[in-house]
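Listing of run_32.pdb, PDB, C-alpha atoms, pLDDT in the B column
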ATOM      1  CA  MET A   1      13.902  -3.665  -0.424  1.00 96.00           C
ATOM      2  CA  LYS A   2      10.413  -3.634   1.073  1.00 98.00           C
ATOM      3  CA  ILE A   3       9.166  -0.581   2.983  1.00 98.00           C
ATOM      4  CA  LEU A   4       5.868  -0.325   4.879  1.00 98.00           C
ATOM      5  CA  VAL A   5       4.546   3.122   5.798  1.00 98.00           C
ATOM      6  CA  THR A   6       1.648   3.241   8.239  1.00 98.00           C
ATOM      7  CA  GLY A   7      -0.238   5.851  10.224  1.00 97.00           C
ATOM      8  CA  GLY A   8      -3.653   7.322  10.810  1.00 93.00           C
ATOM      9  CA  ALA A   9      -5.825   9.277   8.398  1.00 90.00           C
ATOM     10  CA  ARG A  10      -4.171  12.488   7.195  1.00 90.00           C
ATOM     11  CA  SER A  11      -1.035  11.696   9.205  1.00 95.00           C
ATOM     12  CA  GLY A  12       1.258  12.476   6.268  1.00 95.00           C
ATOM     13  CA  LYS A  13       2.107   8.869   5.427  1.00 97.00           C
ATOM     14  CA  SER A  14       1.478   9.180   1.673  1.00 95.00           C
ATOM     15  CA  THR A  15       3.490  12.388   1.460  1.00 94.00           C
ATOM     16  CA  PHE A  16       6.360  10.752   3.328  1.00 97.00           C
ATOM     17  CA  ALA A  17       6.219   7.638   1.122  1.00 97.00           C
ATOM     18  CA  GLU A  18       6.287   9.727  -2.068  1.00 96.00           C
ATOM     19  CA  ARG A  19       9.203  11.827  -0.812  1.00 95.00           C
ATOM     20  CA  TRP A  20      11.085   8.689   0.244  1.00 97.00           C
ATOM     21  CA  VAL A  21      10.681   7.240  -3.256  1.00 97.00           C
ATOM     22  CA  MET A  22      11.722  10.527  -4.914  1.00 96.00           C
ATOM     23  CA  LYS A  23      14.984  10.474  -2.921  1.00 95.00           C
ATOM     24  CA  GLN A  24      15.743   6.911  -4.036  1.00 93.00           C
ATOM     25  CA  ALA A  25      15.004   6.993  -7.769  1.00 94.00           C
ATOM     26  CA  THR A  26      14.567   9.181 -10.825  1.00 93.00           C
ATOM     27  CA  SER A  27      11.222   7.590 -11.729  1.00 95.00           C
ATOM     28  CA  ALA A  28       8.796   5.102 -10.220  1.00 96.00           C
ATOM     29  CA  ASP A  29       5.525   3.296 -10.703  1.00 97.00           C
ATOM     30  CA  TYR A  30       2.621   4.519  -8.577  1.00 97.00           C
ATOM     31  CA  VAL A  31      -0.055   1.914  -7.868  1.00 98.00           C
ATOM     32  CA  ALA A  32      -3.381   3.441  -6.829  1.00 96.00           C
ATOM     33  CA  THR A  33      -5.922   1.161  -5.173  1.00 97.00           C
ATOM     34  CA  ALA A  34      -8.731   3.673  -4.610  1.00 91.00           C
ATOM     35  CA  GLN A  35     -11.998   3.535  -6.492  1.00 87.00           C
ATOM     36  CA  ALA A  36     -14.034   6.669  -7.155  1.00 83.00           C
ATOM     37  CA  PHE A  37     -17.615   5.859  -6.213  1.00 83.00           C
ATOM     38  CA  ASP A  38     -18.683   9.466  -5.531  1.00 89.00           C
ATOM     39  CA  ASP A  39     -17.752  13.038  -6.419  1.00 90.00           C
ATOM     40  CA  GLU A  40     -15.811  13.641  -3.209  1.00 91.00           C
ATOM     41  CA  MET A  41     -13.576  10.621  -3.855  1.00 87.00           C
ATOM     42  CA  LYS A  42     -13.141  11.636  -7.488  1.00 87.00           C
ATOM     43  CA  ALA A  43     -11.936  15.059  -6.294  1.00 89.00           C
ATOM     44  CA  ARG A  44      -9.502  13.471  -3.821  1.00 86.00           C
ATOM     45  CA  ILE A  45      -8.056  11.210  -6.499  1.00 85.00           C
ATOM     46  CA  ARG A  46      -7.694  14.094  -8.941  1.00 88.00           C
ATOM     47  CA  LEU A  47      -5.901  16.199  -6.298  1.00 86.00           C
ATOM     48  CA  HIS A  48      -3.401  13.384  -5.680  1.00 86.00           C
ATOM     49  CA  GLN A  49      -2.866  13.009  -9.427  1.00 86.00           C
ATOM     50  CA  LEU A  50      -2.205  16.758  -9.800  1.00 89.00           C
ATOM     51  CA  GLN A  51       0.233  16.735  -6.880  1.00 87.00           C
ATOM     52  CA  ARG A  52       2.207  13.913  -8.491  1.00 88.00           C
ATOM     53  CA  GLU A  53       2.168  15.668 -11.876  1.00 86.00           C
ATOM     54  CA  GLN A  54       3.441  18.903 -10.307  1.00 87.00           C
ATOM     55  CA  SER A  55       6.151  17.192  -8.241  1.00 89.00           C
ATOM     56  CA  GLY A  56       8.680  17.251 -11.076  1.00 90.00           C
ATOM     57  CA  PHE A  57       9.176  13.496 -10.591  1.00 95.00           C
ATOM     58  CA  THR A  58       8.284  10.909 -13.238  1.00 94.00           C
ATOM     59  CA  TRP A  59       5.458   8.744 -11.913  1.00 96.00           C
ATOM     60  CA  THR A  60       3.778   6.088 -14.040  1.00 95.00           C
ATOM     61  CA  THR A  61       0.355   5.500 -12.517  1.00 95.00           C
ATOM     62  CA  HIS A  62      -1.424   2.139 -12.483  1.00 97.00           C
ATOM     63  CA  GLU A  63      -4.796   1.351 -10.963  1.00 95.00           C
ATOM     64  CA  ALA A  64      -5.228  -1.898  -9.051  1.00 97.00           C
ATOM     65  CA  PRO A  65      -8.335  -1.847  -6.882  1.00 96.00           C
ATOM     66  CA  LEU A  66      -8.378  -5.671  -6.724  1.00 96.00           C
ATOM     67  CA  GLU A  67      -5.620  -7.347  -8.760  1.00 97.00           C
ATOM     68  CA  LEU A  68      -2.674  -5.954  -6.798  1.00 98.00           C
ATOM     69  CA  ALA A  69      -0.645  -9.187  -6.595  1.00 98.00           C
ATOM     70  CA  GLU A  70      -0.874  -9.663 -10.361  1.00 98.00           C
ATOM     71  CA  LEU A  71       0.201  -6.088 -11.052  1.00 98.00           C
ATOM     72  CA  LEU A  72       3.222  -6.391  -8.755  1.00 98.00           C
ATOM     73  CA  GLN A  73       4.252  -9.571 -10.572  1.00 97.00           C
ATOM     74  CA  GLU A  74       3.885  -7.791 -13.917  1.00 97.00           C
ATOM     75  CA  LEU A  75       5.825  -4.701 -12.800  1.00 97.00           C
ATOM     76  CA  GLY A  76       8.570  -6.886 -11.378  1.00 95.00           C
ATOM     77  CA  LYS A  77       9.156  -8.416 -14.827  1.00 90.00           C
ATOM     78  CA  ARG A  78       9.523  -5.122 -16.665  1.00 80.00           C
ATOM     79  CA  PRO A  79      12.976  -3.944 -17.704  1.00 69.00           C
ATOM     80  CA  VAL A  80      14.322  -1.054 -15.642  1.00 63.00           C
ATOM     81  CA  ALA A  81      14.901   2.141 -17.635  1.00 55.00           C
ATOM     82  CA  LYS A  82      17.751   3.570 -15.571  1.00 53.00           C
ATOM     83  CA  GLU A  83      21.411   4.199 -16.264  1.00 55.00           C
ATOM     84  CA  GLY A  84      24.272   2.099 -14.937  1.00 47.00           C
ATOM     85  CA  ALA A  85      24.744  -1.441 -13.717  1.00 41.00           C
ATOM     86  CA  ALA A  86      23.897  -0.571 -10.107  1.00 46.00           C
ATOM     87  CA  ALA A  87      20.508   0.811 -11.160  1.00 49.00           C
ATOM     88  CA  GLU A  88      19.827  -2.299 -13.237  1.00 42.00           C
ATOM     89  CA  ALA A  89      20.627  -4.523 -10.255  1.00 48.00           C
ATOM     90  CA  ALA A  90      18.327  -2.490  -8.016  1.00 68.00           C
ATOM     91  CA  GLY A  91      15.225  -3.323 -10.052  1.00 84.00           C
ATOM     92  CA  PRO A  92      12.020  -1.315 -10.427  1.00 94.00           C
ATOM     93  CA  VAL A  93      10.719   1.123  -7.815  1.00 96.00           C
ATOM     94  CA  VAL A  94       7.006   0.865  -6.983  1.00 98.00           C
ATOM     95  CA  LEU A  95       4.831   2.759  -4.511  1.00 98.00           C
ATOM     96  CA  VAL A  96       1.481   1.193  -3.552  1.00 98.00           C
ATOM     97  CA  ASP A  97      -1.063   3.574  -1.991  1.00 97.00           C
ATOM     98  CA  CYS A  98      -2.779   2.042  -0.173  1.00 95.00           C
ATOM     99  CA  LEU A  99      -3.112  -1.487   1.180  1.00 98.00           C
ATOM    100  CA  THR A 100      -6.126  -0.818   3.370  1.00 97.00           C
ATOM    101  CA  LEU A 101      -8.119   0.608   0.454  1.00 96.00           C
ATOM    102  CA  TRP A 102      -7.195  -2.518  -1.506  1.00 98.00           C
ATOM    103  CA  LEU A 103      -8.361  -4.612   1.465  1.00 97.00           C
ATOM    104  CA  SER A 104     -11.729  -2.849   1.606  1.00 95.00           C
ATOM    105  CA  ASN A 105     -12.182  -3.473  -2.124  1.00 96.00           C
ATOM    106  CA  VAL A 106     -11.373  -7.164  -1.675  1.00 96.00           C
ATOM    107  CA  LEU A 107     -13.633  -7.422   1.383  1.00 95.00           C
ATOM    108  CA  LEU A 108     -16.598  -5.932  -0.452  1.00 92.00           C
ATOM    109  CA  SER A 109     -16.049  -8.101  -3.541  1.00 92.00           C
ATOM    110  CA  ALA A 110     -15.537 -11.211  -1.366  1.00 91.00           C
ATOM    111  CA  SER A 111     -19.037 -10.886   0.031  1.00 81.00           C
ATOM    112  CA  GLU A 112     -20.303 -11.703  -3.478  1.00 77.00           C
ATOM    113  CA  GLN A 113     -18.173 -14.865  -3.836  1.00 78.00           C
ATOM    114  CA  ALA A 114     -19.225 -18.383  -2.908  1.00 75.00           C
ATOM    115  CA  ASP A 115     -15.942 -19.228  -1.138  1.00 80.00           C
ATOM    116  CA  GLY A 116     -16.807 -17.126   1.893  1.00 88.00           C
ATOM    117  CA  VAL A 117     -15.258 -13.852   2.995  1.00 92.00           C
ATOM    118  CA  ASP A 118     -12.588 -15.282   5.308  1.00 93.00           C
ATOM    119  CA  ALA A 119     -11.379 -17.781   2.708  1.00 94.00           C
ATOM    120  CA  VAL A 120     -11.169 -15.098   0.000  1.00 95.00           C
ATOM    121  CA  LEU A 121      -9.358 -12.625   2.248  1.00 96.00           C
ATOM    122  CA  THR A 122      -6.911 -15.271   3.444  1.00 96.00           C
ATOM    123  CA  ARG A 123      -6.153 -16.305  -0.127  1.00 96.00           C
ATOM    124  CA  GLU A 124      -5.763 -12.717  -1.408  1.00 97.00           C
ATOM    125  CA  ILE A 125      -3.485 -11.649   1.461  1.00 98.00           C
ATOM    126  CA  GLU A 126      -1.337 -14.750   0.897  1.00 98.00           C
ATOM    127  CA  ARG A 127      -1.108 -13.945  -2.826  1.00 98.00           C
ATOM    128  CA  LEU A 128      -0.190 -10.331  -2.111  1.00 98.00           C
ATOM    129  CA  THR A 129       2.404 -11.369   0.460  1.00 98.00           C
ATOM    130  CA  ALA A 130       4.030 -13.788  -1.987  1.00 98.00           C
ATOM    131  CA  ALA A 131       4.084 -11.140  -4.744  1.00 98.00           C
ATOM    132  CA  ALA A 132       5.580  -8.555  -2.388  1.00 98.00           C
ATOM    133  CA  GLU A 133       8.234 -10.955  -1.112  1.00 98.00           C
ATOM    134  CA  ALA A 134       9.209 -11.929  -4.667  1.00 97.00           C
ATOM    135  CA  PHE A 135       9.277  -8.339  -5.957  1.00 97.00           C
ATOM    136  CA  PRO A 136      12.791  -7.786  -7.364  1.00 96.00           C
ATOM    137  CA  GLY A 137      13.152  -4.058  -6.712  1.00 96.00           C
ATOM    138  CA  THR A 138      12.093  -1.458  -4.176  1.00 97.00           C
ATOM    139  CA  LEU A 139       8.503  -1.764  -3.025  1.00 98.00           C
ATOM    140  CA  VAL A 140       6.989   0.928  -0.797  1.00 98.00           C
ATOM    141  CA  MET A 141       3.545   0.127   0.594  1.00 98.00           C
ATOM    142  CA  VAL A 142       1.300   2.640   2.364  1.00 98.00           C
ATOM    143  CA  THR A 143      -1.329   1.404   4.803  1.00 98.00           C
ATOM    144  CA  ASN A 144      -3.600   2.746   7.538  1.00 96.00           C
ATOM    145  CA  GLU A 145      -3.653   2.009  11.231  1.00 94.00           C
ATOM    146  CA  VAL A 146      -7.392   1.539  11.555  1.00 91.00           C
ATOM    147  CA  GLY A 147      -7.513  -0.397  14.814  1.00 84.00           C
ATOM    148  CA  SER A 148      -6.250   2.309  17.155  1.00 83.00           C
ATOM    149  CA  GLY A 149      -9.617   4.010  17.626  1.00 79.00           C
ATOM    150  CA  ILE A 150     -13.107   3.112  18.712  1.00 84.00           C
ATOM    151  CA  VAL A 151     -14.330  -0.435  18.086  1.00 86.00           C
ATOM    152  CA  PRO A 152     -16.805  -0.231  15.173  1.00 89.00           C
ATOM    153  CA  GLU A 153     -20.402  -0.876  16.196  1.00 89.00           C
ATOM    154  CA  TYR A 154     -21.295  -2.894  13.104  1.00 91.00           C
ATOM    155  CA  PRO A 155     -19.966  -6.371  12.140  1.00 90.00           C
ATOM    156  CA  LEU A 156     -18.516  -5.393   8.732  1.00 90.00           C
ATOM    157  CA  GLY A 157     -16.502  -2.599  10.369  1.00 92.00           C
ATOM    158  CA  ARG A 158     -15.115  -4.968  13.011  1.00 93.00           C
ATOM    159  CA  GLN A 159     -14.302  -7.547  10.359  1.00 94.00           C
ATOM    160  CA  TYR A 160     -12.471  -4.927   8.291  1.00 95.00           C
ATOM    161  CA  ARG A 161     -10.557  -3.660  11.334  1.00 96.00           C
ATOM    162  CA  ASP A 162      -9.432  -7.180  12.250  1.00 95.00           C
ATOM    163  CA  TRP A 163      -8.319  -8.044   8.702  1.00 97.00           C
ATOM    164  CA  ALA A 164      -6.511  -4.697   8.349  1.00 97.00           C
ATOM    165  CA  GLY A 165      -4.551  -5.484  11.504  1.00 96.00           C
ATOM    166  CA  LEU A 166      -3.627  -8.902  10.140  1.00 97.00           C
ATOM    167  CA  LEU A 167      -2.646  -7.455   6.752  1.00 98.00           C
ATOM    168  CA  ASN A 168      -0.457  -4.795   8.382  1.00 98.00           C
ATOM    169  CA  ARG A 169       1.267  -7.333  10.655  1.00 97.00           C
ATOM    170  CA  THR A 170       1.910  -9.621   7.696  1.00 98.00           C
ATOM    171  CA  MET A 171       3.383  -6.861   5.531  1.00 98.00           C
ATOM    172  CA  ALA A 172       5.458  -5.537   8.430  1.00 98.00           C
ATOM    173  CA  SER A 173       6.920  -9.013   8.927  1.00 97.00           C
ATOM    174  CA  ILE A 174       8.323  -9.083   5.370  1.00 98.00           C
ATOM    175  CA  ALA A 175       9.371  -5.420   5.263  1.00 98.00           C
ATOM    176  CA  ASN A 176      12.968  -4.326   5.695  1.00 98.00           C
ATOM    177  CA  GLN A 177      11.808  -1.058   7.218  1.00 98.00           C
ATOM    178  CA  VAL A 178       8.493  -0.013   8.784  1.00 98.00           C
ATOM    179  CA  PHE A 179       7.691   3.670   9.281  1.00 98.00           C
ATOM    180  CA  LEU A 180       4.948   4.994  11.541  1.00 98.00           C
ATOM    181  CA  VAL A 181       3.885   8.520  10.590  1.00 98.00           C
ATOM    182  CA  THR A 182       2.120  10.557  13.262  1.00 96.00           C
ATOM    183  CA  ALA A 183       1.337  14.276  12.862  1.00 96.00           C
ATOM    184  CA  GLY A 184       3.626  14.335   9.820  1.00 96.00           C
ATOM    185  CA  ILE A 185       6.597  12.874  11.720  1.00 97.00           C
ATOM    186  CA  PRO A 186       7.942   9.530  10.454  1.00 98.00           C
ATOM    187  CA  ILE A 187       9.588   7.138  12.902  1.00 98.00           C
ATOM    188  CA  GLU A 188      11.276   3.920  11.729  1.00 98.00           C
ATOM    189  CA  LEU A 189       9.983   1.054  13.882  1.00 97.00           C
ATOM    190  CA  LYS A 190      11.551  -2.173  12.684  1.00 95.00           C
ATOM    191  CA  SER A 191      15.080  -1.261  13.805  1.00 93.00           C
ATOM    192  CA  ARG A 192      13.658  -0.543  17.300  1.00 94.00           C
ATOM    193  CA  GLU A 193      11.734  -3.802  17.553  1.00 91.00           C
ATOM    194  CA  TYR A 194      11.993  -5.476  20.940  1.00 92.00           C
ATOM    195  CA  ARG A 195      12.490  -9.165  20.370  1.00 88.00           C
ATOM    196  CA  LEU A 196      11.418 -11.791  22.905  1.00 90.00           C
TER     197      LEU A 196
END
As C-alpha coordinates, what does this structure read like?
Amino acid sequence: MKILVTGGARSGKSTFAERWVMKQATSADYVATAQAFDDEMKARIRLHQLQREQSGFTWTTHEAPLELAELLQELGKRPVAKEGAAAEAAGPVVLVDCLTLWLSNVLLSASEQADGVDAVLTREIERLTAAAEAFPGTLVMVTNEVGSGIVPEYPLGRQYRDWAGLLNRTMASIANQVFLVTAGIPIELKSREYRL
(Lines of atoms letter the chains of each structure in order from A and count residues from 1; the text may use other names and numbers.)
(Lines give C-alpha, C1' and ligand atoms only; values in the text may rest on other atoms or scores of the structure.)
Protein backbone atom coordinates (compact mmCIF):
# COMPACT_ATOMS: atom_id res chain seq x y z
CA MET A 1 0.00 0.00 0.00
CA LYS A 2 1.35 3.40 -1.02
CA ILE A 3 -0.05 6.57 0.57
CA LEU A 4 0.83 10.15 -0.44
CA VAL A 5 0.01 12.98 1.97
CA THR A 6 0.30 16.51 0.61
CA GLY A 7 -0.58 20.02 1.72
CA GLY A 8 0.87 23.42 2.40
CA ALA A 9 3.32 24.44 5.10
CA ARG A 10 1.99 23.82 8.62
CA SER A 11 -1.21 22.33 7.20
CA GLY A 12 -1.05 19.32 9.53
CA LYS A 13 0.08 16.82 6.91
CA SER A 14 2.91 15.31 8.99
CA THR A 15 0.68 14.98 12.04
CA PHE A 16 -1.98 13.27 9.94
CA ALA A 17 0.57 10.93 8.34
CA GLU A 18 1.99 9.92 11.73
CA ARG A 19 -1.48 9.31 13.17
CA TRP A 20 -2.46 7.28 10.10
CA VAL A 21 0.61 5.07 10.55
CA MET A 22 -0.03 4.67 14.30
CA LYS A 23 -3.55 3.37 13.54
CA GLN A 24 -2.18 0.79 11.09
CA ALA A 25 0.78 -0.71 12.95
CA THR A 26 2.42 -1.22 16.32
CA SER A 27 5.78 0.10 15.11
CA ALA A 28 7.20 1.74 12.00
CA ASP A 29 10.30 3.16 10.40
CA TYR A 30 10.45 6.95 10.15
CA VAL A 31 12.61 8.29 7.32
CA ALA A 32 13.68 11.90 7.84
CA THR A 33 15.01 13.79 4.83
CA ALA A 34 15.73 17.15 6.48
CA GLN A 35 19.23 18.45 7.02
CA ALA A 36 20.06 20.80 9.88
CA PHE A 37 22.10 23.63 8.41
CA ASP A 38 21.22 26.21 11.09
CA ASP A 39 20.06 26.43 14.70
CA GLU A 40 16.42 27.03 13.79
CA MET A 41 16.30 23.85 11.69
CA LYS A 42 18.10 21.91 14.41
CA ALA A 43 15.41 23.03 16.88
CA ARG A 44 12.62 22.00 14.48
CA ILE A 45 14.15 18.56 13.99
CA ARG A 46 14.62 18.07 17.72
CA LEU A 47 10.98 19.05 18.38
CA HIS A 48 9.77 16.46 15.85
CA GLN A 49 12.03 13.84 17.44
CA LEU A 50 10.64 14.62 20.92
CA GLN A 51 7.06 14.44 19.66
CA ARG A 52 7.70 10.99 18.19
CA GLU A 53 9.42 9.83 21.38
CA GLN A 54 6.49 11.03 23.51
CA SER A 55 3.83 9.52 21.23
CA GLY A 56 4.00 6.12 22.91
CA PHE A 57 4.53 4.55 19.47
CA THR A 58 7.72 2.72 18.47
CA TRP A 59 9.42 4.68 15.70
CA THR A 60 12.82 3.69 14.32
CA THR A 61 14.30 6.81 12.77
CA HIS A 62 16.54 6.82 9.69
CA GLU A 63 18.05 9.83 7.97
CA ALA A 64 18.10 9.93 4.18
CA PRO A 65 18.73 13.43 2.88
CA LEU A 66 19.87 12.05 -0.51
CA GLU A 67 19.89 8.24 -0.71
CA LEU A 68 16.16 7.72 -0.23
CA ALA A 69 15.68 5.07 -2.95
CA GLU A 70 18.49 2.96 -1.50
CA LEU A 71 17.10 3.19 2.02
CA LEU A 72 13.62 2.14 0.87
CA GLN A 73 15.15 -0.88 -0.88
CA GLU A 74 17.06 -1.77 2.29
CA LEU A 75 14.03 -1.36 4.57
CA GLY A 76 11.92 -3.44 2.21
CA LYS A 77 14.31 -6.38 2.65
CA ARG A 78 14.24 -6.38 6.44
CA PRO A 79 12.24 -9.03 8.27
CA VAL A 80 9.04 -7.74 9.85
CA ALA A 81 8.96 -8.01 13.65
CA LYS A 82 5.21 -8.40 14.11
CA GLU A 83 3.00 -11.22 15.31
CA GLY A 84 0.86 -13.40 13.08
CA ALA A 85 0.85 -14.46 9.45
CA ALA A 86 -1.27 -11.49 8.34
CA ALA A 87 1.28 -9.05 9.77
CA GLU A 88 4.11 -10.92 8.05
CA ALA A 89 2.29 -10.73 4.72
CA ALA A 90 1.70 -7.00 5.17
CA GLY A 91 5.42 -6.18 5.19
CA PRO A 92 7.19 -3.25 6.84
CA VAL A 93 5.56 0.11 7.54
CA VAL A 94 7.59 3.19 6.58
CA LEU A 95 6.81 6.90 6.80
CA VAL A 96 8.93 9.28 4.69
CA ASP A 97 8.85 12.94 5.75
CA CYS A 98 9.28 14.61 3.38
CA LEU A 99 9.72 14.22 -0.37
CA THR A 100 10.08 17.91 -1.14
CA LEU A 101 12.91 18.31 1.37
CA TRP A 102 14.59 15.32 -0.28
CA LEU A 103 14.06 17.00 -3.66
CA SER A 104 15.68 20.24 -2.50
CA ASN A 105 18.67 18.26 -1.22
CA VAL A 106 18.99 16.47 -4.56
CA LEU A 107 18.56 19.72 -6.50
CA LEU A 108 21.31 21.46 -4.55
CA SER A 109 23.69 18.49 -4.84
CA ALA A 110 22.88 18.10 -8.57
CA SER A 111 24.20 21.57 -9.28
CA GLU A 112 27.66 20.23 -8.35
CA GLN A 113 27.46 17.23 -10.72
CA ALA A 114 28.67 17.14 -14.31
CA ASP A 115 25.54 15.38 -15.64
CA GLY A 116 23.44 18.52 -15.40
CA VAL A 117 20.62 19.28 -12.99
CA ASP A 118 17.73 18.05 -15.15
CA ALA A 119 19.44 14.74 -15.91
CA VAL A 120 20.25 14.13 -12.23
CA LEU A 121 16.75 15.02 -11.05
CA THR A 122 15.14 12.86 -13.72
CA ARG A 123 17.34 9.91 -12.78
CA GLU A 124 16.79 10.32 -9.01
CA ILE A 125 13.00 10.66 -9.32
CA GLU A 126 12.91 7.56 -11.53
CA ARG A 127 14.98 5.64 -8.97
CA LEU A 128 12.74 6.78 -6.12
CA THR A 129 9.61 5.90 -8.08
CA ALA A 130 10.91 2.40 -8.81
CA ALA A 131 11.87 1.87 -5.15
CA ALA A 132 8.47 3.09 -3.96
CA GLU A 133 6.59 0.91 -6.44
CA ALA A 134 8.61 -2.16 -5.43
CA PHE A 135 8.29 -1.51 -1.68
CA PRO A 136 6.68 -4.66 -0.20
CA GLY A 137 4.82 -3.10 2.72
CA THR A 138 3.02 0.11 3.62
CA LEU A 139 4.77 3.26 2.47
CA VAL A 140 3.46 6.66 3.56
CA MET A 141 5.11 9.65 1.88
CA VAL A 142 4.64 13.26 2.98
CA THR A 143 5.18 16.06 0.48
CA ASN A 144 4.47 19.77 0.08
CA GLU A 145 2.27 21.57 -2.39
CA VAL A 146 4.73 24.31 -3.28
CA GLY A 147 3.25 25.45 -6.58
CA SER A 148 -0.02 26.88 -5.30
CA GLY A 149 1.40 30.28 -4.35
CA ILE A 150 3.31 33.09 -5.97
CA VAL A 151 5.68 32.25 -8.82
CA PRO A 152 9.23 32.53 -7.41
CA GLU A 153 11.17 35.48 -8.79
CA TYR A 154 14.48 33.62 -9.07
CA PRO A 155 15.33 30.75 -11.48
CA LEU A 156 16.31 28.18 -8.82
CA GLY A 157 12.97 28.71 -7.04
CA ARG A 158 11.03 28.23 -10.28
CA GLN A 159 13.07 25.15 -11.12
CA TYR A 160 12.38 23.68 -7.68
CA ARG A 161 8.66 24.47 -7.93
CA ASP A 162 8.40 22.77 -11.33
CA TRP A 163 10.29 19.64 -10.22
CA ALA A 164 8.25 19.44 -7.00
CA GLY A 165 5.07 19.44 -9.08
CA LEU A 166 6.44 16.67 -11.27
CA LEU A 167 7.58 14.63 -8.25
CA ASN A 168 4.17 14.98 -6.58
CA ARG A 169 2.30 13.98 -9.75
CA THR A 170 4.56 10.97 -10.20
CA MET A 171 4.14 9.77 -6.62
CA ALA A 172 0.39 10.38 -6.74
CA SER A 173 0.17 8.22 -9.86
CA ILE A 174 1.62 5.18 -8.03
CA ALA A 175 -0.18 5.79 -4.73
CA ASN A 176 -3.24 3.82 -3.69
CA GLN A 177 -4.51 6.80 -1.73
CA VAL A 178 -3.65 10.51 -1.89
CA PHE A 179 -4.61 12.82 0.98
CA LEU A 180 -4.68 16.61 0.76
CA VAL A 181 -4.45 18.24 4.19
CA THR A 182 -5.68 21.82 4.47
CA ALA A 183 -6.07 23.63 7.82
CA GLY A 184 -5.60 20.29 9.57
CA ILE A 185 -8.41 18.59 7.62
CA PRO A 186 -7.41 15.59 5.48
CA ILE A 187 -9.40 14.80 2.34
CA GLU A 188 -8.74 11.65 0.29
CA LEU A 189 -8.39 12.67 -3.37
CA LYS A 190 -7.63 9.59 -5.43
CA SER A 191 -11.04 7.98 -4.89
CA ARG A 192 -12.64 11.25 -6.13
CA GLU A 193 -10.48 11.52 -9.24
CA TYR A 194 -12.38 12.55 -12.34
CA ARG A 195 -11.17 10.43 -15.20
CA LEU A 196 -11.30 11.59 -18.82
Between CA of Leu166 in chain A and CA of Trp20 in chain A - distance in Å to one decimal:
25.0 Å
With all atoms listed in the file as the counted atoms, please give the residues lying no more than 6 Å from range 92-100 of chain A, apart from itself and same-chain residues fewer than 3 positions off, as a list of chain:residue names.
A:Ala28, A:Asp29, A:Tyr30, A:Val31, A:Ala32, A:Thr33, A:Val80, A:Leu103, A:Gly137, A:Thr138, A:Leu139, A:Val140, A:Met141, A:Val142, A:Thr143
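Closest approach to Asn168 in chain A among A:Thr129, A:Glu188, A:Ser14, A:Arg46: A:Thr129, based on all atoms listed in the file.
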As a check of understanding, name the residues that the PyMOL selection byres ((chain A and resi 122-128) around 8) selects in the supplied structure, as an MDAnalysis selection string.
chainID A and resid 68:69 106 118:121 129:132 167
What residues come out when you apply the PyMOL selection byres ((chain A and resi 13) around 12) to this file, written as a ChimeraX atom specification?
/A:4-12,14-20,95-98,140-145,178-187
Edge lengths and centre in Å, axis-aligned, range 168-184 of chain A plus 5 Å each side, as lines of an AutoDock Vina configuration file:
center_x = 6.3
center_y = 2.4
center_z = 9.3
size_x = 23.4
size_y = 34.0
size_z = 18.0
